[in-house]
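Undergrad: As input, take upload.txt (compact mmCIF, C-alpha atoms and all ligand atoms):
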# COMPACT_ATOMS: atom_id res chain seq x y z
CA MET A 1 -17.81 46.99 8.23
CA LEU A 2 -18.57 43.32 8.10
CA SER A 3 -18.32 42.02 4.53
CA ALA A 4 -21.47 41.58 2.47
CA VAL A 5 -20.71 37.85 2.24
CA SER A 6 -20.60 37.39 6.01
CA ARG A 7 -23.49 39.65 7.00
CA PRO A 8 -26.40 37.28 6.20
CA TYR A 9 -24.67 34.42 8.04
CA ILE A 10 -24.26 36.50 11.17
CA ALA A 11 -27.81 37.88 10.97
CA ALA A 12 -29.26 34.38 10.48
CA SER A 13 -27.26 32.92 13.37
CA VAL A 14 -28.72 35.23 16.04
CA PRO A 15 -31.62 32.87 16.88
CA VAL A 16 -29.25 29.89 16.80
CA LEU A 17 -26.93 31.66 19.21
CA ARG A 18 -29.76 32.60 21.50
CA GLU A 19 -30.64 28.91 21.63
CA HIS A 20 -27.11 27.53 22.04
CA GLY A 21 -25.19 30.50 23.42
CA VAL A 22 -24.64 29.19 26.92
CA THR A 23 -23.77 25.67 25.69
CA ILE A 24 -21.27 27.15 23.23
CA THR A 25 -19.74 29.28 25.96
CA LEU A 26 -19.45 26.32 28.35
CA CYS A 27 -17.80 24.27 25.62
CA PHE A 28 -15.52 27.21 24.84
CA TYR A 29 -14.28 27.52 28.42
CA ARG A 30 -13.73 23.75 28.70
CA ARG A 31 -11.54 23.87 25.58
CA LEU A 32 -9.80 27.10 26.57
CA PHE A 33 -8.79 25.96 30.04
CA ALA A 34 -7.72 22.51 28.81
CA ALA A 35 -5.34 24.14 26.30
CA HIS A 36 -4.31 27.11 28.49
CA PRO A 37 -4.70 26.30 32.20
CA GLU A 38 -2.62 29.40 33.05
CA LEU A 39 -5.60 31.54 31.98
CA LYS A 40 -7.48 30.31 35.06
CA ASN A 41 -5.42 32.91 36.93
CA ILE A 42 -7.15 35.66 34.96
CA PHE A 43 -10.73 34.41 34.99
CA ASN A 44 -13.05 34.43 37.98
CA MET A 45 -13.16 30.70 38.64
CA PRO A 46 -16.03 30.67 41.19
CA ASN A 47 -18.08 32.58 38.58
CA GLN A 48 -17.29 29.82 36.11
CA GLU A 49 -18.94 27.33 38.42
CA SER A 50 -21.97 29.51 39.07
CA GLY A 51 -22.52 30.09 35.33
CA ILE A 52 -22.43 33.90 35.63
CA GLN A 53 -19.50 34.28 33.26
CA GLN A 54 -21.06 31.88 30.78
CA GLN A 55 -24.02 34.24 30.59
CA ALA A 56 -21.75 37.28 30.20
CA LEU A 57 -19.83 35.96 27.23
CA ALA A 58 -22.96 34.55 25.62
CA SER A 59 -24.62 37.96 26.01
CA ALA A 60 -21.63 39.63 24.39
CA ILE A 61 -21.89 37.29 21.44
CA PHE A 62 -25.64 37.89 21.11
CA ALA A 63 -25.18 41.61 21.47
CA TYR A 64 -22.53 41.69 18.81
CA ALA A 65 -24.54 39.58 16.40
CA ALA A 66 -27.73 41.55 16.97
CA ASN A 67 -25.94 44.89 16.51
CA ILE A 68 -23.60 44.01 13.73
CA ASP A 69 -24.91 46.87 11.61
CA HIS A 70 -25.07 49.34 14.52
CA PRO A 71 -21.50 50.09 15.61
CA ASP A 72 -22.74 53.12 17.58
CA ALA A 73 -24.73 50.83 19.85
CA LEU A 74 -21.61 48.73 20.41
CA ALA A 75 -19.39 51.65 21.42
CA PRO A 76 -20.44 51.76 25.11
CA VAL A 77 -20.07 48.00 25.32
CA ILE A 78 -16.57 48.12 23.84
CA SER A 79 -15.64 50.79 26.35
CA ARG A 80 -16.96 48.84 29.33
CA ILE A 81 -15.28 45.59 28.26
CA ALA A 82 -11.98 47.33 27.41
CA HIS A 83 -11.78 48.92 30.86
CA LYS A 84 -12.53 45.57 32.48
CA HIS A 85 -9.96 43.79 30.30
CA VAL A 86 -7.28 46.40 31.07
CA SER A 87 -7.87 45.99 34.80
CA LEU A 88 -7.35 42.25 34.23
CA GLY A 89 -4.18 42.71 32.18
CA ILE A 90 -5.59 41.12 28.99
CA LYS A 91 -3.02 41.17 26.18
CA ALA A 92 -3.41 41.37 22.39
CA GLU A 93 -1.92 37.88 22.09
CA HIS A 94 -4.79 36.44 24.15
CA TYR A 95 -7.30 37.26 21.40
CA PRO A 96 -6.30 34.64 18.79
CA ILE A 97 -6.33 32.00 21.55
CA VAL A 98 -9.86 32.94 22.63
CA GLY A 99 -10.97 33.26 18.98
CA LYS A 100 -9.72 29.79 18.09
CA HIS A 101 -11.48 28.09 21.00
CA LEU A 102 -14.67 30.07 20.46
CA LEU A 103 -14.86 29.00 16.81
CA ASP A 104 -14.00 25.40 17.72
CA ALA A 105 -16.80 25.48 20.30
CA ILE A 106 -19.32 26.85 17.79
CA ALA A 107 -18.29 24.07 15.38
CA GLU A 108 -18.59 21.39 18.09
CA VAL A 109 -22.02 22.48 19.35
CA LEU A 110 -23.65 23.27 16.01
CA GLY A 111 -22.23 20.19 14.30
CA ALA A 112 -23.20 19.98 10.63
CA ALA A 113 -25.00 23.34 10.87
CA ALA A 114 -21.61 25.01 11.35
CA THR A 115 -20.80 25.23 7.66
CA PRO A 116 -17.43 26.61 6.54
CA ALA A 117 -19.23 29.78 5.37
CA LEU A 118 -20.87 30.30 8.78
CA LEU A 119 -17.57 29.73 10.59
CA ALA A 120 -15.79 32.11 8.20
CA ALA A 121 -18.42 34.76 8.93
CA TRP A 122 -17.96 34.33 12.68
CA SER A 123 -14.22 34.39 12.31
CA GLU A 124 -14.54 37.72 10.54
CA ALA A 125 -17.02 39.07 13.11
CA TYR A 126 -14.83 37.97 16.04
CA GLY A 127 -11.80 39.50 14.37
CA MET A 128 -13.58 42.84 14.04
CA LEU A 129 -14.64 42.86 17.66
CA ALA A 130 -11.17 41.75 18.76
CA ASP A 131 -9.53 44.53 16.72
CA ALA A 132 -11.83 47.14 18.29
CA LEU A 133 -11.11 45.85 21.81
CA ILE A 134 -7.35 45.56 21.24
CA ALA A 135 -7.21 49.17 19.97
CA ALA A 136 -9.30 50.48 22.89
CA GLU A 137 -7.20 48.52 25.38
CA ARG A 138 -3.90 49.67 23.84
CA ALA A 139 -5.02 53.28 24.25
CA LEU A 140 -5.91 52.70 27.90
CA TYR A 141 -2.62 50.94 28.68
CA GLN A 142 -0.75 53.81 27.03
CA ALA A 143 -2.73 56.40 28.98
CA HIS A 144 -1.78 54.61 32.22
CA GLY A 145 1.84 54.22 31.10
CA VAL A 146 1.85 50.49 31.90
CA GLU A 147 2.48 47.31 29.94
CA PRO A 148 -0.50 44.93 29.61
CA GLY A 149 -0.63 42.80 32.74
CA GLU A 150 1.70 45.10 34.73
CA TYR A 151 0.45 45.40 38.31
CA ARG A 152 1.85 47.60 41.05
CA SER A 153 2.58 46.74 44.63
CA VAL A 154 0.67 48.63 47.33
CA THR A 155 0.78 48.37 51.10
CA VAL A 156 -2.30 48.27 53.32
CA VAL A 157 -1.58 51.29 55.52
CA ARG A 158 -4.90 51.25 57.34
CA LYS A 159 -7.72 48.71 57.73
CA GLN A 160 -10.97 50.19 58.98
CA LYS A 161 -14.22 48.40 59.76
CA GLU A 162 -17.08 50.43 58.24
CA SER A 163 -20.10 48.26 59.08
CA GLU A 164 -21.05 44.69 60.02
CA THR A 165 -19.90 43.45 56.60
CA VAL A 166 -17.79 46.18 54.96
CA THR A 167 -14.14 46.95 55.73
CA SER A 168 -12.01 49.65 54.10
CA PHE A 169 -8.41 49.11 53.06
CA TYR A 170 -6.28 52.25 52.66
CA LEU A 171 -3.49 51.62 50.15
CA GLN A 172 -0.23 53.40 49.43
CA ALA A 173 2.51 52.54 46.92
CA THR A 174 4.99 50.15 48.54
CA ASP A 175 7.90 52.00 46.90
CA GLY A 176 6.77 55.31 48.42
CA ALA A 177 5.76 56.82 45.06
CA VAL A 178 2.59 58.89 44.78
CA LEU A 179 -0.24 56.72 43.43
CA PRO A 180 -1.71 58.03 40.16
CA SER A 181 -4.92 59.96 40.29
CA PHE A 182 -8.21 58.43 39.17
CA GLN A 183 -11.72 59.49 38.28
CA PRO A 184 -14.37 59.03 40.97
CA GLY A 185 -16.43 55.96 40.05
CA GLN A 186 -13.43 53.94 38.84
CA TYR A 187 -12.24 50.61 40.25
CA ILE A 188 -9.01 48.65 40.58
CA SER A 189 -8.41 44.94 40.20
CA VAL A 190 -6.79 43.35 43.23
CA ALA A 191 -4.69 40.17 42.78
CA VAL A 192 -4.75 37.63 45.58
CA ASP A 193 -3.21 34.13 45.77
CA VAL A 194 -5.98 31.70 46.63
CA ALA A 195 -4.32 28.64 48.17
CA GLU A 196 -7.43 26.45 48.00
CA LEU A 197 -7.60 26.88 44.21
CA SER A 198 -3.80 26.99 43.74
CA LEU A 199 -4.48 30.06 41.61
CA ARG A 200 -4.07 33.80 41.64
CA GLN A 201 -7.45 35.49 41.40
CA LEU A 202 -8.35 39.03 40.41
CA ARG A 203 -11.33 40.99 41.69
CA GLN A 204 -12.53 44.50 41.02
CA TYR A 205 -13.26 46.95 43.83
CA SER A 206 -14.41 50.53 43.39
CA LEU A 207 -12.20 53.24 44.82
CA SER A 208 -14.34 54.66 47.60
CA ASP A 209 -12.48 57.87 48.46
CA ALA A 210 -11.81 61.08 46.55
CA PRO A 211 -8.68 61.31 44.39
CA GLY A 212 -5.73 63.30 45.70
CA ASN A 213 -5.95 62.16 49.34
CA GLY A 214 -2.54 60.50 49.32
CA HIS A 215 -3.96 56.98 49.20
CA TRP A 216 -6.38 54.76 47.37
CA ARG A 217 -9.19 53.25 49.42
CA ILE A 218 -11.30 50.20 48.64
CA SER A 219 -14.26 49.21 50.82
CA VAL A 220 -14.82 45.49 50.58
CA LYS A 221 -17.94 43.55 51.52
CA ARG A 222 -17.64 40.16 53.15
CA GLU A 223 -19.82 37.66 51.30
CA GLU A 224 -20.74 34.94 53.79
CA GLY A 225 -21.27 31.47 52.33
CA SER A 226 -20.77 32.64 48.77
CA PRO A 227 -18.06 31.09 46.59
CA ALA A 228 -17.94 34.40 44.71
CA GLY A 229 -16.86 36.03 48.00
CA LEU A 230 -13.65 34.02 48.12
CA VAL A 231 -11.29 36.95 47.55
CA SER A 232 -13.31 39.45 49.59
CA ASN A 233 -13.32 37.08 52.54
CA LEU A 234 -9.56 36.47 52.24
CA LEU A 235 -8.99 40.22 52.32
CA HIS A 236 -11.14 40.54 55.45
CA ASP A 237 -9.60 37.57 57.24
CA GLN A 238 -5.96 37.48 56.19
CA TYR A 239 -4.82 40.93 55.11
CA ARG A 240 -3.61 43.25 57.82
CA GLU A 241 -2.01 46.65 58.00
CA GLY A 242 1.51 46.39 56.57
CA ASP A 243 0.62 43.61 54.13
CA VAL A 244 1.23 44.02 50.41
CA LEU A 245 -1.28 43.64 47.57
CA TRP A 246 -0.83 43.77 43.80
CA VAL A 247 -3.28 46.02 41.99
CA SER A 248 -4.14 47.24 38.48
CA PRO A 249 -4.35 50.87 37.39
CA PRO A 250 -7.75 52.53 38.05
CA CYS A 251 -10.20 51.56 35.31
CA GLY A 252 -13.87 51.95 34.45
CA ASP A 253 -16.01 54.39 32.51
CA PHE A 254 -18.73 54.90 35.13
CA VAL A 255 -17.48 58.43 35.77
CA MET A 256 -18.78 61.98 35.86
CA SER A 257 -17.71 63.26 32.47
CA THR A 258 -20.31 64.77 30.23
CA GLU A 259 -22.39 66.91 32.57
CA THR A 260 -21.34 70.41 33.57
CA ALA A 261 -20.50 71.57 37.07
CA ASP A 262 -23.75 73.53 37.45
CA THR A 263 -25.89 70.43 36.80
CA PRO A 264 -27.15 69.03 40.12
CA LEU A 265 -25.82 65.57 40.90
CA VAL A 266 -27.99 62.79 42.31
CA LEU A 267 -26.23 59.63 43.52
CA ILE A 268 -28.52 56.68 44.26
CA SER A 269 -27.08 53.45 45.64
CA ALA A 270 -27.80 50.39 47.72
CA GLY A 271 -25.63 48.02 49.76
CA VAL A 272 -21.97 48.00 48.77
CA GLY A 273 -22.96 50.01 45.68
CA VAL A 274 -22.28 52.97 47.96
CA THR A 275 -18.52 52.67 47.28
CA PRO A 276 -18.20 54.44 43.88
CA MET A 277 -20.86 56.91 45.05
CA MET A 278 -18.79 57.98 48.06
CA SER A 279 -15.91 58.67 45.71
CA MET A 280 -18.16 60.69 43.38
CA LEU A 281 -19.65 62.56 46.32
CA GLN A 282 -16.26 63.46 47.79
CA GLY A 283 -14.81 64.25 44.37
CA SER A 284 -17.71 66.55 43.52
CA LEU A 285 -17.62 68.34 46.88
CA GLN A 286 -13.88 68.89 46.57
CA GLN A 287 -13.92 70.11 42.98
CA HIS A 288 -17.23 71.98 42.90
CA PRO A 289 -18.27 72.82 46.47
CA ASP A 290 -21.21 74.88 45.15
CA ARG A 291 -22.66 72.13 43.04
CA PRO A 292 -25.88 70.71 44.56
CA VAL A 293 -25.44 67.01 45.28
CA ASN A 294 -28.08 64.65 46.67
CA PHE A 295 -27.08 61.30 48.11
CA LEU A 296 -29.77 58.63 48.32
CA TYR A 297 -28.89 55.31 49.91
CA ALA A 298 -30.70 52.09 50.76
CA THR A 299 -29.46 49.42 53.14
CA LEU A 300 -30.73 46.92 55.68
CA ASP A 301 -30.27 48.91 58.90
CA GLY A 302 -27.82 51.06 60.82
CA ARG A 303 -25.43 48.17 61.44
CA HIS A 304 -25.19 47.64 57.69
CA HIS A 305 -24.63 51.28 56.80
CA PRO A 306 -20.99 51.61 55.70
CA LEU A 307 -19.24 55.01 55.71
CA LYS A 308 -22.13 56.54 57.67
CA ARG A 309 -19.92 58.70 59.89
CA GLU A 310 -18.14 60.03 56.82
CA LEU A 311 -21.46 60.87 55.20
CA ASP A 312 -22.73 62.62 58.33
CA ARG A 313 -19.53 64.68 58.55
CA LEU A 314 -19.85 65.77 54.90
CA LEU A 315 -23.49 66.75 55.50
CA LEU A 316 -22.44 69.03 58.33
CA GLN A 317 -19.70 70.62 56.22
CA HIS A 318 -21.57 71.15 52.95
CA GLY A 319 -24.75 73.19 52.84
CA ARG A 320 -25.49 72.26 49.21
CA MET A 321 -25.54 68.56 49.97
CA GLN A 322 -28.64 66.61 50.99
CA SER A 323 -28.96 62.98 51.98
CA TYR A 324 -31.88 60.57 52.11
CA VAL A 325 -31.62 57.07 53.57
CA ALA A 326 -33.95 54.06 53.47
CA TYR A 327 -33.51 51.21 55.96
CA GLU A 328 -35.23 48.03 54.91
CA ARG A 329 -35.58 46.70 58.46
CA PRO A 330 -34.44 49.36 60.94
CA ALA A 331 -33.15 48.12 64.29
CA ALA A 332 -34.67 49.38 67.54
CA ASN A 333 -31.87 51.93 68.01
CA ASP A 334 -32.06 53.33 64.44
CA CYS A 335 -33.76 56.72 64.65
CA VAL A 336 -35.93 58.75 62.26
CA PRO A 337 -34.88 61.22 60.91
CA GLN A 338 -31.27 61.24 62.19
CA ASP A 339 -30.34 57.81 60.80
CA TYR A 340 -32.93 57.15 58.10
CA GLN A 341 -35.94 58.82 56.50
CA GLN A 342 -37.79 55.95 54.84
CA GLN A 343 -38.56 52.42 56.00
CA GLY A 344 -38.55 49.46 53.60
CA HIS A 345 -37.14 49.46 50.08
CA LEU A 346 -36.19 52.85 48.65
CA ARG A 347 -39.27 54.21 46.84
CA LEU A 348 -38.42 57.26 44.75
CA ALA A 349 -42.12 57.99 44.19
CA THR A 350 -42.35 59.18 47.80
CA VAL A 351 -39.01 61.00 47.99
CA PRO A 352 -39.40 64.81 48.20
CA ASP A 353 -39.10 66.51 44.80
CA ALA A 354 -36.23 68.69 46.02
CA LEU A 355 -34.01 65.62 46.16
CA LEU A 356 -34.73 64.59 42.58
CA PRO A 357 -34.41 67.69 40.39
CA GLN A 358 -35.57 67.35 36.79
CA ASN A 359 -32.32 68.70 35.36
CA ALA A 360 -29.91 66.56 37.42
CA ALA A 361 -27.35 63.99 36.31
CA TYR A 362 -28.33 60.66 37.92
CA PHE A 363 -25.93 57.87 38.85
CA LEU A 364 -27.18 54.49 40.08
CA CYS A 365 -25.24 51.63 41.64
CA GLY A 366 -26.47 48.54 43.44
CA PRO A 367 -28.03 45.13 42.83
CA ALA A 368 -29.65 44.78 39.40
CA PRO A 369 -33.29 44.67 40.68
CA PHE A 370 -32.64 47.80 42.77
CA MET A 371 -31.25 49.69 39.79
CA HIS A 372 -34.07 48.55 37.56
CA ALA A 373 -36.65 49.81 40.07
CA GLN A 374 -34.92 53.21 40.47
CA HIS A 375 -34.41 53.58 36.74
CA GLN A 376 -38.12 52.99 36.09
CA ALA A 377 -39.10 55.34 38.91
CA LEU A 378 -36.88 58.11 37.50
CA LEU A 379 -38.34 57.71 34.02
CA ALA A 380 -41.83 57.84 35.56
CA ARG A 381 -40.87 61.15 37.20
CA GLY A 382 -39.98 62.57 33.80
CA VAL A 383 -36.18 62.20 34.01
CA ALA A 384 -34.76 61.51 30.53
CA GLU A 385 -32.90 58.29 29.79
CA ARG A 386 -29.77 60.23 28.80
CA GLN A 387 -29.58 61.76 32.31
CA ILE A 388 -29.20 58.33 33.95
CA ARG A 389 -25.97 56.32 34.23
CA GLN A 390 -25.68 53.03 36.05
CA GLU A 391 -22.98 50.61 37.15
CA VAL A 392 -23.52 46.89 37.45
CA PHE A 393 -21.14 45.03 39.77
CA GLY A 394 -20.10 41.70 38.25
CA PRO A 395 -20.45 40.73 34.63
CA SER A 396 -22.89 42.99 32.89
CA LEU A 397 -25.51 41.16 30.91
CA LEU A 398 -25.47 44.00 28.40
CA GLY A 399 -29.26 44.06 28.54
CA HIS A 400 -29.55 47.35 26.66
CA LEU A 401 -28.27 45.65 23.53
CA GLN A 402 -30.50 42.60 23.57
C1 LIG A 501 -13.87 39.65 21.10
C2 LIG A 501 -13.48 39.09 22.20
C3 LIG A 501 -14.04 39.28 23.58
C4 LIG A 501 -15.28 39.68 24.01
C5 LIG A 501 -16.49 40.03 23.17
C6 LIG A 501 -15.26 39.70 25.44
C7 LIG A 501 -16.34 40.07 26.23
C8 LIG A 501 -16.31 40.18 27.57
C9 LIG A 501 -17.41 40.64 28.39
C10 LIG A 501 -18.77 41.08 27.89
C11 LIG A 501 -17.01 40.62 29.66
C12 LIG A 501 -17.83 41.05 30.89
C13 LIG A 501 -17.51 42.51 31.14
C14 LIG A 501 -18.34 43.11 32.26
O1 LIG A 501 -17.93 43.03 33.41
O2 LIG A 501 -19.39 43.65 31.97
C15 LIG A 501 -15.66 40.12 29.68
C16 LIG A 501 -14.92 39.91 30.81
C17 LIG A 501 -13.77 39.20 30.81
N1 LIG A 501 -13.01 38.85 29.73
FE1 LIG A 501 -13.47 39.16 27.80
N2 LIG A 501 -14.03 39.31 25.87
C18 LIG A 501 -13.26 39.05 24.78
C19 LIG A 501 -11.94 38.62 24.79
C20 LIG A 501 -11.27 38.23 25.90
C21 LIG A 501 -9.93 37.70 25.92
C22 LIG A 501 -9.05 37.52 24.69
C23 LIG A 501 -9.64 37.40 27.21
C24 LIG A 501 -8.35 36.82 27.71
C25 LIG A 501 -8.11 35.61 27.93
C26 LIG A 501 -10.80 37.77 28.02
C27 LIG A 501 -10.89 37.65 29.39
C28 LIG A 501 -11.92 38.15 30.16
C29 LIG A 501 -11.98 38.04 31.60
C30 LIG A 501 -10.98 37.34 32.49
C31 LIG A 501 -13.14 38.70 32.01
C32 LIG A 501 -13.68 38.89 33.44
C33 LIG A 501 -14.64 37.82 33.76
C34 LIG A 501 -14.05 36.76 34.64
O3 LIG A 501 -13.27 37.11 35.50
O4 LIG A 501 -14.39 35.59 34.48
N3 LIG A 501 -11.76 38.27 27.19
N4 LIG A 501 -15.26 39.87 28.39
Show how you would write the structure in this file as structure tokens.
Ligand code: HEM

TA:
Amino acid sequence: MLSAVSRPYIAASVPVLREHGVTITLCFYRRLFAAHPELKNIFNMPNQESGIQQQALASAIFAYAANIDHPDALAPVISRIAHKHVSLGIKAEHYPIVGKHLLDAIAEVLGAAATPALLAAWSEAYGMLADALIAAERALYQAHGVEPGEYRSVTVVRKQKESETVTSFYLQATDGAVLPSFQPGQYISVAVDVAELSLRQLRQYSLSDAPGNGHWRISVKREEGSPAGLVSNLLHDQYREGDVLWVSPPCGDFVMSTETADTPLVLISAGVGVTPMMSMLQGSLQQHPDRPVNFLYATLDGRHHPLKRELDRLLLQHGRMQSYVAYERPAANDCVPQDYQQQGHLRLATVPDALLPQNAAYFLCGPAPFMHAQHQALLARGVAERQIRQEVFGPSLLGHLQ
């Protein structure tokens, strides 16, 4: 528990942080990278320029301050961040470095308002959060049997175009060992040398196949014209079968864990958000072939429908599986109902009830506005909040804590 001395300082600084959070975070990164340029290899540098990461860290600070007396509310956040940090190879010794530059940034931006008592309170609060993250990350590293920052070498054994923009990479251990299993819904970080930045960069990609198939598979979307697509585009353009990549252990807590095998499963995704869903679908069908599973997917049209053949094959093989597809702007050769069943954005209000059972476990993945719309639509249909899990690609803004 935060000390009684520090608590009022933290509580009182929430509005100040809301006002200055992004400025403090910008100042923090400037200081951090000036003192430790090697850390640029760990951070997503295009995100730095776009301001996305600034928002993410600021949100984490707000969330922590606002929930200082509610550790239960912080638990899911700690879990999400710890998984992300482990995939990035964050070490315990990084924490004092980040803590120092964060406090220096708060002092610089707040000026005289950053009294020694306020800074001491934040030092204590940061220390508590750091301790919780370090412990959670140590447990994950131990469970994987790796040292922090230890990556493994994998070979691209197959490269398969899945749609106009998505290509799958099938990976096997370069040393011939069997790759560890994973839970459907998890991701790996992939390390790539980016010559134009003179840096190594890490990106997370969901594993898109079931565990136990003798390989890991990632399905990567090309991001035209986007600086954030730097690594994805390099993978598309420069990595071929036989090439070697360095990857983290599988991480992430967006997994099927709490619900039982007789609960129907409903997987709702859009765009490249289909990737963890395909893994969950395959994993569920393999482990519990009798479990009803409904797969709802939204994309632009048939040319932008990755893994469609795989989905169609599974539909033929599994009588308890149903699928429902929305094409935003179907092409002339996209057919109803073989290719898609709804035109425009996916609207759950008009989806047949049989696809959205009241007692199902719901998983959502896709762009934030898409997930927000589906989440609201599910609640409106009487699905309880606790039945819905969702995965945000990119830094989560931790909205549920704000
Ligand atoms: C108490 C301390 C810390 C907090 C509260 C924190 C919080 C966060 C949050 C909220 C995210 C976004 C997670 C998501 O994807 O939803 C994140 C990502 C990240 N964190 Fe931390 N973090 C802390 C310490 C550290 C340390 C010590 C390092 C190591 C230098 C670090 C490096 C990163 C990196 C590299 C990312 C990914 C974002 C990017 O690539 O730019 N963090 N952290």

Undergrad: Out of A:His305, A:His70, A:His85, A:Arg18, which residue has the shortest atom-to-atom distance to ligand LIG 501 (chain A) when counting all atoms listed in the file?

TA: A:His85

Undergrad: Using all atoms listed in the file, can you list as a PDB file with C-alpha atoms, in the frame of the given file the residues within 10 Å of (-19.1, 59.2, 36.2)?

TA:
ATOM      1  CA  GLN A 183     -11.720  59.490  38.280  1.00  0.00           C
ATOM      2  CA  PRO A 184     -14.370  59.030  40.970  1.00  0.00           C
ATOM      3  CA  GLY A 185     -16.430  55.960  40.050  1.00  0.00           C
ATOM      4  CA  GLN A 186     -13.430  53.940  38.840  1.00  0.00           C
ATOM      5  CA  GLY A 252     -13.870  51.950  34.450  1.00  0.00           C
ATOM      6  CA  ASP A 253     -16.010  54.390  32.510  1.00  0.00           C
ATOM      7  CA  PHE A 254     -18.730  54.900  35.130  1.00  0.00           C
ATOM      8  CA  VAL A 255     -17.480  58.430  35.770  1.00  0.00           C
ATOM      9  CA  MET A 256     -18.780  61.980  35.860  1.00  0.00           C
ATOM     10  CA  SER A 257     -17.710  63.260  32.470  1.00  0.00           C
ATOM     11  CA  THR A 258     -20.310  64.770  30.230  1.00  0.00           C
ATOM     12  CA  GLU A 259     -22.390  66.910  32.570  1.00  0.00           C
ATOM     13  CA  PRO A 276     -18.200  54.440  43.880  1.00  0.00           C
ATOM     14  CA  MET A 277     -20.860  56.910  45.050  1.00  0.00           C
ATOM     15  CA  MET A 280     -18.160  60.690  43.380  1.00  0.00           C
ATOM     16  CA  ALA A 361     -27.350  63.990  36.310  1.00  0.00           C
ATOM     17  CA  TYR A 362     -28.330  60.660  37.920  1.00  0.00           C
ATOM     18  CA  PHE A 363     -25.930  57.870  38.850  1.00  0.00           C
ATOM     19  CA  ARG A 389     -25.970  56.320  34.230  1.00  0.00           C
ATOM     20  CA  GLN A 390     -25.680  53.030  36.050  1.00  0.00           C
ATOM     21  CA  GLU A 391     -22.980  50.610  37.150  1.00  0.00           C
TER      22      GLU A 391
END

Undergrad: Would you please work out which residue, of A:Val266, A:Ala130, A:Leu32, A:Val231, is nearest to Phe295 in chain A when using only C-alpha atoms?

TA: A:Val266

Undergrad: Have a look at A:Thr260, A:Gln341, A:Ser208, A:Ser87 and name the one nearest to Val247 in chain A; count only C-alpha atoms.

TA: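 With only C-alpha atoms as the atom set, the closest residue is A:Ser87.
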
Undergrad: List the neighbours of range 138-150 of chain A out to 8 Å using all atoms listed in the file; skip same-chain residues closer than 2 positions along the sequence, and give me the result as a VMD selection string.

TA: chain A and resid 83 86 88 to 91 134 to 136 152 248 to 249

Undergrad: What lies within 6 Å of Leu207 in chain A using all atoms listed in the file, ignoring chain neighbours under 3 positions off, as a compact mmCIF listing (two decimals) with C-alpha atoms, in the coordinates of the input?

TA:
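Done, and the output landed in result_15.txt:
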# COMPACT_ATOMS: atom_id res chain seq x y z
CA TYR A 187 -12.24 50.61 40.25
CA ARG A 217 -9.19 53.25 49.42
CA ILE A 218 -11.30 50.20 48.64

Undergrad: Just the residues within 6 Å of range 316-323 of chain A, please, counting only C-alpha atoms, with nothing from its chain fewer than 4 positions along; format it as a count of residues only.

TA: 5

Undergrad: Do a neighbour search on Leu39 in chain A at 12 Å with all atoms listed in the file, toss out local chain neighbours closer than 5 positions, and write the hits as a ChimeraX atom specification.

TA: /A:29-34,44-45,88-91,94,97-98,199-202

Undergrad: Let me have the centre and edge lengths in Å, one decimal, of the box along x, y and z around every listed atom of range 75-88 of chain A with 6 Å of margin on each side, as JSON.

TA:
{"center_x": -13.9, "center_y": 47.0, "center_z": 28.1, "size_x": 25.2, "size_y": 21.5, "size_z": 25.4}

Undergrad: Record the distance separating CA of Leu348 in chain A and CA of Ala384 in chain A, expressed in Å with one decimal.

TA: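 One can read the CA of Leu348 in chain A to CA of Ala384 in chain A distance as 15.3 Å.
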
Undergrad: Measuring atom to atom with all atoms listed in the file, identify which of A:Gly242, A:Gly229, A:Gly271, A:Pro289 is nearest to Glu164 in chain A.

TA: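 For Glu164 in chain A, the nearest of the candidates is A:Gly271.
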
Undergrad: Using all atoms listed in the file, which of A:Ser163, A:Ser13, A:Gln204, A:Thr174 sits nearest ligand LIG 501 (chain A)?

TA: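 Looking at the shortest contact to ligand LIG 501 (chain A), the residue is A:Gln204.
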
Undergrad: Hey, which bits of range 194-275 of chain A sit within 12 Å of range 372-382 of chain A, and for each residue what's the closest pair of atoms and how far apart in Å (one decimal), counting all atoms listed in the file, rows by chain and increasing number, as JSON lines?

TA:
{"residue": "A:Val266", "atom": "CA", "partner": "A:Leu378", "partner_atom": "CA", "distance": 11.1}
{"residue": "A:Leu267", "atom": "CA", "partner": "A:Gln374", "partner_atom": "CA", "distance": 11.2}
{"residue": "A:Ile268", "atom": "CA", "partner": "A:Gln374", "partner_atom": "CA", "distance": 8.2}
{"residue": "A:Ser269", "atom": "CA", "partner": "A:Gln374", "partner_atom": "CA", "distance": 9.4}
{"residue": "A:Ala270", "atom": "CA", "partner": "A:Gln374", "partner_atom": "CA", "distance": 10.5}

Undergrad: Grab the CA of Ile42 in chain A to CA of Pro369 in chain A distance for me, in Å with one decimal place.

TA: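 Here the two named atoms are 28.2 Å from each other.
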
Undergrad: With all atoms listed in the file as the atoms that count, which of A:Ser189, A:Thr23, A:Asn213, A:Gln48 lies nearest to Trp246 in chain A?

TA: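 Going through A:Ser189, A:Thr23, A:Asn213, A:Gln48 one by one, the smallest distance to Trp246 in chain A is for A:Ser189.
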
Undergrad: Find the residues around Tyr9 in chain A up to 10 Å (all atoms listed in the file counted), leave out those fewer than 4 positions away in its own chain, and share them as a list in words.

TA: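 The residues satisfying every condition are Ala4, Val5, Ser13, Val14, Ala65, Thr115, Ala117, Leu118, Leu119, Ala120, Ala121 and Trp122 of chain A.
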
Undergrad: What is the CA of Ile188 in chain A-CA of His36 in chain A distance in Å, reported with one decimal?

TA: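 The value is 25.1 Å.
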